[in-house]
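Participant: Please read through the structure below; I'll follow up with questions.
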Amino acid sequence: MTASARGLGVQLAPPGSEPAGLGRFGEYGGRFVPETLVPALEELEREFRSAWSSEEFRAELAGLLASYAGRPTPVTECHRLSERLGVRVLLKREDLTHTGSHKINNVLGQALLTRRMGKQRVIAETGAGQHGVATATAAALFGLECLVFMGAVDVERQALNVFRMRLLGAEVVPVESGSATLKDAINEALRDWVATVETTHYCIGSVVGPHPYPWMVREFQRVVGDEAREQCRALLGGTDPDVVLACVGGGSNAIGTFAGFIDLPGVRLVGVEAGGRGLESGQHGSSVSRGVPGVLHGARSLFLQDEHGQILEAHSISAGLDYPGVGPEHAELAAAGRAEYANATDEEALEGFELLARTEGIVPALEPAHAIAWLAREAGRSIPKGATVLVTLSGRGDKDAEQVAERLGYDSFR
Amino acid sequence: MRLEAALRDRRASGRSLLVPYVTGGLGSGWLDVVRAVADAGADAIEIGIPFSDPVIDGRTVQEASQRALELGATPASIISDAARLDVEVPLVVMTYFNPVQHMGFERFAKELVEAGIDGAIVPDLPLDELGDWSSAADAAGVETVLLAAPTTPDTRLRAICERSRGFVYGVSLMGVTGERTRLADQASVMGSRCKALTDRPVLLGVGISTAEQAVEAASFADGVVVGSALVRRLLEGGGPEQAGAFVASLRAALDDREGERG
Ligand SMILES: Cc1ncc(COP(=O)(O)O)c(C=O)c1O
């Protein structure tokens with residue numbers, strides 16, 4: 001076992017467990033990709049495994065996370081929100097990282113691997129644009145060429161991030177096919193990769209995709225949960241929170257958070273998916289609640305699909321949760337009953353967005369606003385009064401300002 | 001082993017193999033397109049079962065898949081339609097893994113066999129993940145064709161050639177399906193690498209768009225798969241006649257090559 005690595009106050013805990021076999025989390029995971037990509041995935045797996053157990057690599061990543069990304073991020077106690085809800089609310093502040101979301105944790109790790117593999121070009125998919133911005137940022141930092149695929153619908157609703165990516169020197173490719181959202185951006189990134197895999201690294205932004213991505217991205221994101229566990233213990237006199245909560249798109253901020261608490265059976269883990277216009281409407285992104293096992297984007301997991309195995313379009317007000325699938329480890333955590341998966345609707349997320357802004361002076365991204373909304377709904381119900389809840393605030397809400405202003409009727413935004 | 005047996009026989013007769021691809025369910029006349037393609041000299045025919053997220057397909061097959069789905073095509077409907085075909089040449093379905101696993105491996109294999117379909121190509125199911133599907137397919141007698149890519153290293157290529165049934169599908173370029181203006185440089189290497197490792201028929205496919213390219217590719221392998229160039233003609237409004245004429249032109253060019261070499 002590799003010991004902890006340290007860089008200016010950032011501690012990376014020893015590596016977590018590897019999935020079994022060819023990237024299996026229970027019956028989920030795997031490597032279902034065109035033959036052309038198999039050798040590159042084998043190389044990536046080898047590189048990641050050796051890097052992740054190397055002191056030098058871990059120290060370099062820890063150093064970047066500290067001096068460049070601004071880690072460790074604090075845990076903030078929310079006094080006014082706690083009073084309002086009758087539960088003690090702690091926020092893990094990923095919104096305070098450089099680029100404004102947890103996505104940077106994973107991207108810096110993958111950028112170091114890209115350099116190790118001698119590749120000069122990175123491609124990425126993005127929904128909310130946060131992963132695209134993080135990738136463009138790392139590409140600028142490392143002098144890599146960067147191409148980001150983004151659904152045309154998301155290009156529209158996350159215009160600020162599109163500008164940021166371009167400013168950072170990345171090329172943004174709007175994807176018109178299918179639902180023109182995250183799923184289609186991943187399709188297009190995979191199509192690019194099949195042609196360019198010898199010189200290009202595909203920097204996947206969540207715990208989805210073929211082995212080794214779900215494992216590797218979880219390992220790069222576990223810093224969120226590992227930090228939070230120590231910080232909570234410091235705040236809570238050596239005890240742990242009762243409930244740990246995070247939003248789930250592909251599931252990277254949630255799995256990174258859960259990783260810090262998974263071995264504590266007393267801690268209730270909850271992932272909040274997009275409820276969209278309500279589960280009954282069929283327009284949502286609740287893949288764990290309503291998906292069935294299938295294979296998409298290289299892995300077996302839970303996906304929204306019709307009775308013939310065609311993938312359905314998801315819907316969410318937040319681009320980052322607008323995906324008809326979920327990472328395979330979440331599918332397994334749900335099957336094993338270790339984590340539970342709930343949802344919050346578009347309307348509730350908007351309320352959560354305003355609630356946190358008004359009570360704490362923190363404007364969340366629409367994605368974690370779903371977690372806040374679920375907390376507001378369940379406090380005093382499935383979460384007993386007086387319980388302590390840690391919520392991962394995966395990103396800040398600047399990118400959503402225009403969209404939310406419109407939805408909430410602030411007509412003087414511009 | 002009807003697919004492989006048929007291809008071996010035809011190869012033995014000295015001919016370059018030609019396997020066109022037709023998207024199943026693309027218009028009400030798609031079975032007539034398959035018949036015309038068979039009559040025009042195909043040695044086997046790939047029938048595409050459309051999937052919502054075809055990640056190794058370029059624009060042409062994406063569009064054809066979407067259109068077929070909008071017209072109501074389902075895996076079950078395409079397979080049962082295909083059962084009505086009375087063509088001499090073997091049929092192979094080409095689809096993605098999700099529809100296969102969704103129907104269930106045993107049932108999918110059984111429906112193929114009952115419809116008189118001999119093989120299956122599932123490009124997002126690589127060697128390492130064949131597991132349960134190949135057990136079901138082998139038991140039912142469905143030949144699972146594996147793909148080999150320019151990036152495949154030698155030891156793995158050997159395993160692919162051994163495990164493949166029907167033929168070995170050599171991907172002739174780095175990229176997704178779709179027409180190209182010239183044959184990729186990787187085609188010759190891909191063809192010769194596979195040929196050196198196996199006696200099974202080796203076909204090159206992906207990006208082979210014209211009679212000229214087909215002839216060139218066939219010089220490195222036992223034959224070719226032609227997809228997007230044919231499907232584009234169907235998307236542009238062509239029917240059985242145009243499809244047949246195009247395939248006949250490929251056939252003639254390949255036969256000429258044999259004649260010249262002869
Ligand atoms: C702020 C924020 N949170 C959450 C997500 C959802 O991704 P994941 O579930 O991988 O954390 C995104 C994705 O774009 C995001 O930008």
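Ordering of the structure tokens sets the chain letters (A, B, ...); residue numbers start at 1 within each chain; ligands are numbered from 1 in the order shown.
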Run DSSP on the backbone and grab whatever in stretch 217-299 of chain A lands in alpha helix (DSSP H); send it over as a ChimeraX atom specification.
Facilitator: /A:217-235,252-259,287-290
Participant: Based on only C-alpha atoms, which of the residues in chain B come within 9 Å of chain A? I want them as a VMD selection string.
Facilitator: chain B and resid 50 to 58 62 66 74 to 76 97 to 103 122 to 129 146 to 153 171 173 to 176
Participant: Write a file of the selected residues as a CSV table (one decimal), in the first residue's frame, keeping N, CA and C atoms.
Facilitator:
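Result file again_10.csv:
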```csv
chain,number,residue,atom,x,y,z
B,50,PRO,N,-30.6,-0.9,-36.3
B,50,PRO,CA,-30.2,0.4,-35.8
B,50,PRO,C,-30.3,0.5,-34.3
B,51,PHE,N,-29.3,1.3,-33.7
B,51,PHE,CA,-29.3,1.6,-32.3
B,51,PHE,C,-29.3,3.1,-32.2
B,52,SER,N,-29.8,3.6,-31.1
B,52,SER,CA,-30.0,5.0,-30.8
B,52,SER,C,-28.6,5.7,-30.8
B,53,ASP,N,-27.6,5.1,-30.3
B,53,ASP,CA,-26.3,5.7,-30.1
B,53,ASP,C,-25.1,5.0,-30.8
B,54,PRO,N,-25.1,5.1,-32.1
B,54,PRO,CA,-24.1,4.3,-32.9
B,54,PRO,C,-22.8,4.9,-32.9
B,55,VAL,N,-21.9,4.6,-31.9
B,55,VAL,CA,-20.7,5.4,-31.7
B,55,VAL,C,-19.6,5.0,-32.7
B,56,ILE,N,-19.7,3.9,-33.4
B,56,ILE,CA,-18.6,3.7,-34.4
B,56,ILE,C,-19.1,4.1,-35.8
B,57,ASP,N,-20.2,4.7,-35.9
B,57,ASP,CA,-20.8,5.1,-37.2
B,57,ASP,C,-20.7,6.6,-37.5
B,58,GLY,N,-20.3,6.9,-38.7
B,58,GLY,CA,-20.3,8.3,-39.1
B,58,GLY,C,-21.7,8.7,-39.5
B,62,GLN,N,-25.4,6.9,-39.1
B,62,GLN,CA,-26.2,7.6,-38.1
B,62,GLN,C,-27.6,8.0,-38.6
B,66,GLN,N,-31.2,6.5,-37.5
B,66,GLN,CA,-32.3,7.4,-36.9
B,66,GLN,C,-33.6,7.3,-37.7
B,74,THR,N,-37.6,-2.1,-35.0
B,74,THR,CA,-37.1,-2.6,-33.7
B,74,THR,C,-36.2,-3.8,-34.1
B,75,PRO,N,-35.4,-4.3,-33.2
B,75,PRO,CA,-34.6,-5.5,-33.4
B,75,PRO,C,-35.5,-6.6,-33.8
B,76,ALA,N,-36.6,-6.8,-33.1
B,76,ALA,CA,-37.5,-7.9,-33.4
B,76,ALA,C,-38.2,-7.8,-34.7
B,97,PHE,N,-24.2,-3.7,-28.8
B,97,PHE,CA,-24.4,-4.7,-27.8
B,97,PHE,C,-25.7,-4.5,-27.0
B,98,ASN,N,-26.1,-3.2,-26.8
B,98,ASN,CA,-27.3,-3.0,-25.9
B,98,ASN,C,-28.5,-3.7,-26.4
B,99,PRO,N,-28.9,-3.5,-27.7
B,99,PRO,CA,-30.1,-4.2,-28.1
B,99,PRO,C,-30.0,-5.7,-27.9
B,100,VAL,N,-28.8,-6.3,-28.1
B,100,VAL,CA,-28.6,-7.7,-28.0
B,100,VAL,C,-28.9,-8.1,-26.6
B,101,GLN,N,-28.2,-7.5,-25.6
B,101,GLN,CA,-28.3,-7.9,-24.2
B,101,GLN,C,-29.7,-7.6,-23.7
B,102,HIS,N,-30.4,-6.5,-24.3
B,102,HIS,CA,-31.7,-6.2,-23.9
B,102,HIS,C,-32.7,-7.3,-24.2
B,103,MET,N,-32.6,-7.9,-25.4
B,103,MET,CA,-33.5,-8.9,-25.8
B,103,MET,C,-33.1,-10.2,-25.0
B,122,VAL,N,-21.0,-7.4,-33.7
B,122,VAL,CA,-21.3,-6.5,-32.6
B,122,VAL,C,-20.1,-5.7,-32.2
B,123,PRO,N,-19.9,-4.5,-32.9
B,123,PRO,CA,-18.6,-3.9,-32.8
B,123,PRO,C,-18.2,-3.3,-31.5
B,124,ASP,N,-19.2,-3.1,-30.6
B,124,ASP,CA,-18.8,-2.7,-29.2
B,124,ASP,C,-18.7,-3.8,-28.2
B,125,LEU,N,-18.5,-5.0,-28.8
B,125,LEU,CA,-18.3,-6.2,-27.9
B,125,LEU,C,-17.0,-6.8,-28.3
B,126,PRO,N,-15.9,-6.3,-27.7
B,126,PRO,CA,-14.6,-6.8,-28.1
B,126,PRO,C,-14.3,-8.2,-27.5
B,127,LEU,N,-13.2,-8.8,-27.9
B,127,LEU,CA,-12.8,-10.2,-27.5
B,127,LEU,C,-13.0,-10.4,-26.0
B,128,ASP,N,-12.5,-9.5,-25.2
B,128,ASP,CA,-12.5,-9.7,-23.7
B,128,ASP,C,-13.9,-9.7,-23.1
B,129,GLU,N,-14.9,-9.2,-23.8
B,129,GLU,CA,-16.2,-9.2,-23.2
B,129,GLU,C,-17.2,-10.1,-23.9
B,146,LEU,N,-15.6,-11.2,-35.4
B,146,LEU,CA,-14.9,-10.2,-34.6
B,146,LEU,C,-14.2,-9.2,-35.5
B,147,LEU,N,-14.0,-8.0,-34.9
B,147,LEU,CA,-13.2,-7.0,-35.7
B,147,LEU,C,-11.8,-6.9,-35.2
B,148,ALA,N,-10.9,-6.6,-36.1
B,148,ALA,CA,-9.5,-6.4,-35.8
B,148,ALA,C,-9.2,-5.0,-36.3
B,149,ALA,N,-8.4,-4.2,-35.5
B,149,ALA,CA,-8.2,-2.8,-35.8
B,149,ALA,C,-6.7,-2.6,-36.1
B,150,PRO,N,-6.4,-1.5,-36.7
B,150,PRO,CA,-5.0,-1.2,-37.0
B,150,PRO,C,-4.2,-1.1,-35.7
B,151,THR,N,-4.8,-0.8,-34.6
B,151,THR,CA,-4.1,-0.6,-33.3
B,151,THR,C,-3.9,-1.9,-32.6
B,152,THR,N,-4.6,-3.0,-33.0
B,152,THR,CA,-4.5,-4.3,-32.4
B,152,THR,C,-3.1,-4.9,-32.4
B,153,PRO,N,-2.5,-5.2,-31.3
B,153,PRO,CA,-1.2,-5.7,-31.3
B,153,PRO,C,-1.2,-7.2,-31.8
B,171,VAL,N,-10.6,-3.7,-39.8
B,171,VAL,CA,-11.0,-2.3,-39.9
B,171,VAL,C,-9.9,-1.6,-40.7
B,173,LEU,N,-9.1,1.4,-41.4
B,173,LEU,CA,-8.6,2.8,-41.1
B,173,LEU,C,-8.8,3.1,-39.6
B,174,MET,N,-8.3,4.2,-39.2
B,174,MET,CA,-8.5,4.7,-37.9
B,174,MET,C,-9.7,5.6,-38.0
B,175,GLY,N,-10.9,5.2,-37.5
B,175,GLY,CA,-12.0,6.1,-37.5
B,175,GLY,C,-13.3,5.3,-37.6
B,176,VAL,N,-14.4,6.1,-37.8
B,176,VAL,CA,-15.7,5.6,-37.8
B,176,VAL,C,-16.1,5.3,-39.3
```
Participant: Using only C-alpha atoms and all ligand atoms, find each residue in chain A having at least one atom no more than 6 Å away from ligand 1; report its shortest atom-to-atom pair and that distance in Å (one decimal), rows by chain then rising number, as CSV.
Facilitator:
```
residue,atom,partner,partner_atom_place_in_ligand_line,distance
A:Ser101,CA,ligand 1,1 (C),5.1
A:Gly127,CA,ligand 1,14 (O),5.1
A:Ala128,CA,ligand 1,14 (O),4.3
A:Gln130,CA,ligand 1,16 (O),4.6
A:His131,CA,ligand 1,14 (O),6.0
A:Ser206,CA,ligand 1,10 (O),4.1
A:Val248,CA,ligand 1,9 (O),4.0
A:Gly249,CA,ligand 1,9 (O),3.4
A:Gly250,CA,ligand 1,9 (O),4.1
A:Gly251,CA,ligand 1,9 (O),3.2
A:Ser252,CA,ligand 1,10 (O),3.5
A:Asn253,CA,ligand 1,11 (O),3.7
A:Ala254,CA,ligand 1,11 (O),5.9
A:Gly320,CA,ligand 1,14 (O),3.5
A:Leu321,CA,ligand 1,6 (C),5.5
A:Ala365,CA,ligand 1,1 (C),5.4
A:Glu367,CA,ligand 1,3 (N),4.8
A:Pro368,CA,ligand 1,3 (N),5.7
A:Ser394,CA,ligand 1,3 (N),4.5
A:Gly395,CA,ligand 1,1 (C),3.7
```
Participant: Would you give me, as a ChimeraX atom specification, the residues in stretch 6-218 of chain B that DSSP reads as strand (DSSP E)?
Facilitator: /B:17-23,45-48,91-94,119-121,143-148,168-171,202-205
Participant: Using N, CA and C atoms, can you write the selected residues to a file as an mmCIF file, in the first residue's frame?
Facilitator:
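Once everything was written out, this is result-v5.cif:
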```cif
data_model
loop_
_atom_site.group_PDB
_atom_site.id
_atom_site.type_symbol
_atom_site.label_atom_id
_atom_site.label_comp_id
_atom_site.auth_asym_id
_atom_site.auth_seq_id
_atom_site.Cartn_x
_atom_site.Cartn_y
_atom_site.Cartn_z
ATOM 1 N N LEU B 17 -14.358 -11.465 -52.347
ATOM 2 C CA LEU B 17 -15.650 -11.456 -51.656
ATOM 3 C C LEU B 17 -16.179 -10.034 -51.504
ATOM 4 N N LEU B 18 -17.491 -9.920 -51.656
ATOM 5 C CA LEU B 18 -18.147 -8.618 -51.549
ATOM 6 C C LEU B 18 -19.321 -8.736 -50.579
ATOM 7 N N VAL B 19 -19.246 -7.972 -49.476
ATOM 8 C CA VAL B 19 -20.304 -8.015 -48.465
ATOM 9 C C VAL B 19 -20.859 -6.606 -48.244
ATOM 10 N N PRO B 20 -21.978 -6.281 -48.877
ATOM 11 C CA PRO B 20 -22.595 -4.970 -48.675
ATOM 12 C C PRO B 20 -23.382 -4.912 -47.360
ATOM 13 N N TYR B 21 -23.548 -3.678 -46.866
ATOM 14 C CA TYR B 21 -24.294 -3.433 -45.630
ATOM 15 C C TYR B 21 -25.558 -2.643 -45.959
ATOM 16 N N VAL B 22 -26.682 -3.085 -45.440
ATOM 17 C CA VAL B 22 -27.954 -2.381 -45.633
ATOM 18 C C VAL B 22 -28.582 -2.155 -44.257
ATOM 19 N N THR B 23 -28.988 -0.909 -43.971
ATOM 20 C CA THR B 23 -29.652 -0.637 -42.693
ATOM 21 C C THR B 23 -31.047 -1.240 -42.704
ATOM 22 N N ILE B 45 -24.579 -10.671 -46.933
ATOM 23 C CA ILE B 45 -25.125 -9.321 -46.741
ATOM 24 C C ILE B 45 -25.231 -9.030 -45.246
ATOM 25 N N GLU B 46 -24.760 -7.841 -44.882
ATOM 26 C CA GLU B 46 -24.907 -7.375 -43.506
ATOM 27 C C GLU B 46 -26.207 -6.601 -43.402
ATOM 28 N N ILE B 47 -26.990 -6.928 -42.399
ATOM 29 C CA ILE B 47 -28.225 -6.187 -42.139
ATOM 30 C C ILE B 47 -28.041 -5.422 -40.842
ATOM 31 N N GLY B 48 -28.100 -4.104 -40.939
ATOM 32 C CA GLY B 48 -27.916 -3.280 -39.748
ATOM 33 C C GLY B 48 -29.179 -3.240 -38.913
ATOM 34 N N LEU B 91 -26.786 -14.248 -44.445
ATOM 35 C CA LEU B 91 -27.075 -12.935 -43.860
ATOM 36 C C LEU B 91 -26.399 -12.832 -42.493
ATOM 37 N N VAL B 92 -25.944 -11.635 -42.192
ATOM 38 C CA VAL B 92 -25.278 -11.365 -40.910
ATOM 39 C C VAL B 92 -25.904 -10.090 -40.356
ATOM 40 N N VAL B 93 -26.278 -10.065 -39.099
ATOM 41 C CA VAL B 93 -26.734 -8.783 -38.559
ATOM 42 C C VAL B 93 -25.547 -8.014 -37.995
ATOM 43 N N MET B 94 -25.657 -6.700 -38.103
ATOM 44 C CA MET B 94 -24.645 -5.822 -37.518
ATOM 45 C C MET B 94 -25.408 -4.889 -36.583
ATOM 46 N N GLY B 119 -25.053 -15.021 -38.910
ATOM 47 C CA GLY B 119 -23.988 -14.442 -38.101
ATOM 48 C C GLY B 119 -24.383 -13.130 -37.462
ATOM 49 N N ALA B 120 -23.487 -12.634 -36.602
ATOM 50 C CA ALA B 120 -23.715 -11.354 -35.932
ATOM 51 C C ALA B 120 -22.384 -10.619 -35.784
ATOM 52 N N ILE B 121 -22.439 -9.317 -36.029
ATOM 53 C CA ILE B 121 -21.280 -8.450 -35.811
ATOM 54 C C ILE B 121 -21.704 -7.433 -34.758
ATOM 55 N N GLU B 143 -22.733 -17.408 -35.952
ATOM 56 C CA GLU B 143 -21.309 -17.105 -36.096
ATOM 57 C C GLU B 143 -21.049 -15.647 -35.705
ATOM 58 N N THR B 144 -20.227 -15.436 -34.671
ATOM 59 C CA THR B 144 -19.928 -14.078 -34.218
ATOM 60 C C THR B 144 -18.634 -13.593 -34.875
ATOM 61 N N VAL B 145 -18.780 -12.588 -35.721
ATOM 62 C CA VAL B 145 -17.639 -12.042 -36.455
ATOM 63 C C VAL B 145 -16.924 -11.018 -35.570
ATOM 64 N N LEU B 146 -15.632 -11.174 -35.381
ATOM 65 C CA LEU B 146 -14.887 -10.197 -34.575
ATOM 66 C C LEU B 146 -14.156 -9.200 -35.471
ATOM 67 N N LEU B 147 -13.973 -8.010 -34.935
ATOM 68 C CA LEU B 147 -13.247 -6.976 -35.659
ATOM 69 C C LEU B 147 -11.797 -6.923 -35.193
ATOM 70 N N ALA B 148 -10.923 -6.629 -36.140
ATOM 71 C CA ALA B 148 -9.514 -6.391 -35.832
ATOM 72 C C ALA B 148 -9.227 -4.956 -36.273
ATOM 73 N N VAL B 168 -12.968 -12.704 -40.591
ATOM 74 C CA VAL B 168 -12.343 -11.714 -39.721
ATOM 75 C C VAL B 168 -12.578 -10.365 -40.383
ATOM 76 N N TYR B 169 -13.129 -9.433 -39.608
ATOM 77 C CA TYR B 169 -13.453 -8.111 -40.137
ATOM 78 C C TYR B 169 -12.279 -7.179 -39.816
ATOM 79 N N GLY B 170 -11.452 -6.898 -40.793
ATOM 80 C CA GLY B 170 -10.321 -5.999 -40.584
ATOM 81 C C GLY B 170 -10.755 -4.557 -40.814
ATOM 82 N N VAL B 171 -10.617 -3.731 -39.791
ATOM 83 C CA VAL B 171 -11.001 -2.327 -39.938
ATOM 84 C C VAL B 171 -9.881 -1.631 -40.709
ATOM 85 N N VAL B 202 -10.726 -13.126 -44.683
ATOM 86 C CA VAL B 202 -10.456 -11.814 -44.100
ATOM 87 C C VAL B 202 -11.068 -10.758 -45.015
ATOM 88 N N LEU B 203 -11.971 -9.963 -44.456
ATOM 89 C CA LEU B 203 -12.574 -8.883 -45.240
ATOM 90 C C LEU B 203 -12.148 -7.548 -44.645
ATOM 91 N N LEU B 204 -11.879 -6.593 -45.518
ATOM 92 C CA LEU B 204 -11.580 -5.247 -45.039
ATOM 93 C C LEU B 204 -12.842 -4.405 -45.162
ATOM 94 N N GLY B 205 -13.077 -3.574 -44.164
ATOM 95 C CA GLY B 205 -14.261 -2.725 -44.217
ATOM 96 C C GLY B 205 -14.029 -1.441 -43.469
#
```
Participant: Which residues come within 10 Å of A:Glu18, counting only C-alpha atoms, excluding same-chain residues fewer than 4 positions away, as a PyMOL selection string?
Facilitator: chain A and resi 23-25+49+212+215-216+219
Participant: Would you mind exporting all heavy atoms of the selected residues as a CSV table (one decimal), in the first residue's frame?
Facilitator:
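To be explicit, this is the file written out as again.csv:
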```csv
chain,number,residue,atom,x,y,z
A,23,GLY,N,-12.7,-4.3,-14.7
A,23,GLY,CA,-13.4,-3.1,-14.3
A,23,GLY,C,-14.8,-3.4,-13.8
A,23,GLY,O,-15.8,-2.7,-14.0
A,24,ARG,N,-15.0,-4.5,-13.0
A,24,ARG,CA,-16.4,-4.9,-12.6
A,24,ARG,C,-16.7,-4.4,-11.2
A,24,ARG,O,-15.9,-4.6,-10.2
A,24,ARG,CB,-16.6,-6.4,-12.6
A,24,ARG,CG,-16.7,-7.0,-14.0
A,24,ARG,CD,-17.8,-6.3,-14.8
A,24,ARG,NE,-18.2,-7.0,-16.0
A,24,ARG,CZ,-17.6,-7.0,-17.2
A,24,ARG,NH1,-16.4,-6.4,-17.3
A,24,ARG,NH2,-18.1,-7.7,-18.2
A,25,PHE,N,-17.8,-3.7,-11.1
A,25,PHE,CA,-18.4,-3.4,-9.8
A,25,PHE,C,-19.7,-4.2,-9.7
A,25,PHE,O,-20.7,-3.9,-10.3
A,25,PHE,CB,-18.8,-1.9,-9.7
A,25,PHE,CG,-17.6,-1.0,-9.9
A,25,PHE,CD1,-17.3,-0.5,-11.2
A,25,PHE,CD2,-16.8,-0.5,-8.9
A,25,PHE,CE1,-16.2,0.3,-11.4
A,25,PHE,CE2,-15.7,0.3,-9.1
A,25,PHE,CZ,-15.4,0.7,-10.3
A,49,ARG,N,-2.4,2.7,-13.1
A,49,ARG,CA,-2.1,1.8,-11.9
A,49,ARG,C,-0.7,2.1,-11.4
A,49,ARG,O,-0.4,2.3,-10.2
A,49,ARG,CB,-2.2,0.4,-12.3
A,49,ARG,CG,-2.0,-0.6,-11.1
A,49,ARG,CD,-2.3,-2.0,-11.5
A,49,ARG,NE,-3.7,-2.3,-11.7
A,49,ARG,CZ,-4.2,-2.6,-12.9
A,49,ARG,NH1,-3.4,-2.7,-14.0
A,49,ARG,NH2,-5.5,-2.9,-13.0
A,212,PRO,N,-10.5,1.8,-17.7
A,212,PRO,CA,-10.4,2.1,-16.2
A,212,PRO,C,-11.1,3.4,-15.8
A,212,PRO,O,-10.9,3.8,-14.6
A,212,PRO,CB,-8.9,2.2,-16.0
A,212,PRO,CG,-8.4,3.0,-17.2
A,212,PRO,CD,-9.3,2.4,-18.4
A,215,TRP,N,-13.1,3.7,-12.3
A,215,TRP,CA,-12.2,3.5,-11.2
A,215,TRP,C,-11.3,4.7,-11.1
A,215,TRP,O,-11.1,5.3,-10.0
A,215,TRP,CB,-11.5,2.2,-11.4
A,215,TRP,CG,-10.2,2.0,-10.6
A,215,TRP,CD1,-10.1,2.2,-9.2
A,215,TRP,CD2,-8.9,1.5,-11.1
A,215,TRP,NE1,-8.8,1.9,-8.9
A,215,TRP,CE2,-8.1,1.5,-10.0
A,215,TRP,CE3,-8.4,1.2,-12.3
A,215,TRP,CZ2,-6.7,1.1,-10.1
A,215,TRP,CZ3,-7.1,0.8,-12.5
A,215,TRP,CH2,-6.3,0.7,-11.3
A,216,MET,N,-10.6,5.1,-12.2
A,216,MET,CA,-9.6,6.1,-12.1
A,216,MET,C,-10.2,7.5,-11.7
A,216,MET,O,-9.7,8.2,-10.9
A,216,MET,CB,-9.0,6.2,-13.5
A,216,MET,CG,-8.0,7.4,-13.7
A,216,MET,SD,-7.3,7.4,-15.3
A,216,MET,CE,-8.6,8.0,-16.3
A,219,GLU,N,-10.9,7.5,-8.1
A,219,GLU,CA,-9.7,7.7,-7.3
A,219,GLU,C,-9.3,9.2,-7.3
A,219,GLU,O,-8.8,9.7,-6.3
A,219,GLU,CB,-8.6,6.8,-7.8
A,219,GLU,CG,-8.9,5.3,-7.5
A,219,GLU,CD,-8.9,5.1,-6.0
A,219,GLU,OE1,-7.8,5.3,-5.3
A,219,GLU,OE2,-9.9,4.7,-5.4
```
Participant: Could you jot down the atom CA of B:Gly27 to atom CA of B:Leu234 separation for me, Å, one decimal place?
Facilitator: 9.0 Å
Participant: Which residues are near A:Ala369? Cut-off 6 Å, only C-alpha atoms, ignore same chain within fewer than 5 positions. Put them as an NGL selection string.
Facilitator: :A and (349 or 352-353 or 364)
Participant: Which residues, written as a CSV table (one decimal) with C-alpha atoms, in the first residue's frame, have at least one atom at most 9 Å from A:Val175, with only C-alpha atoms counted and residues fewer than 6 positions away on the same chain left out?
Facilitator:
```csv
chain,number,residue,atom,x,y,z
A,149,PHE,CA,-17.6,18.3,-27.5
A,150,MET,CA,-20.8,19.9,-26.1
A,151,GLY,CA,-24.4,19.3,-27.0
A,152,ALA,CA,-25.9,22.2,-29.0
A,153,VAL,CA,-28.6,22.6,-26.3
A,155,VAL,CA,-23.9,25.4,-25.7
A,181,THR,CA,-26.9,17.1,-24.8
A,184,ASP,CA,-24.5,12.9,-27.6
A,185,ALA,CA,-21.4,14.8,-26.7
A,188,GLU,CA,-19.1,12.4,-30.7
```
Participant: So, with only C-alpha atoms as the atoms that count, which of A:Gly238, A:Ser50, A:Pro214, A:Cys78 lies closest to A:Ala331?
Facilitator: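 Ranked by minimum distance to A:Ala331, first place goes to A:Pro214.
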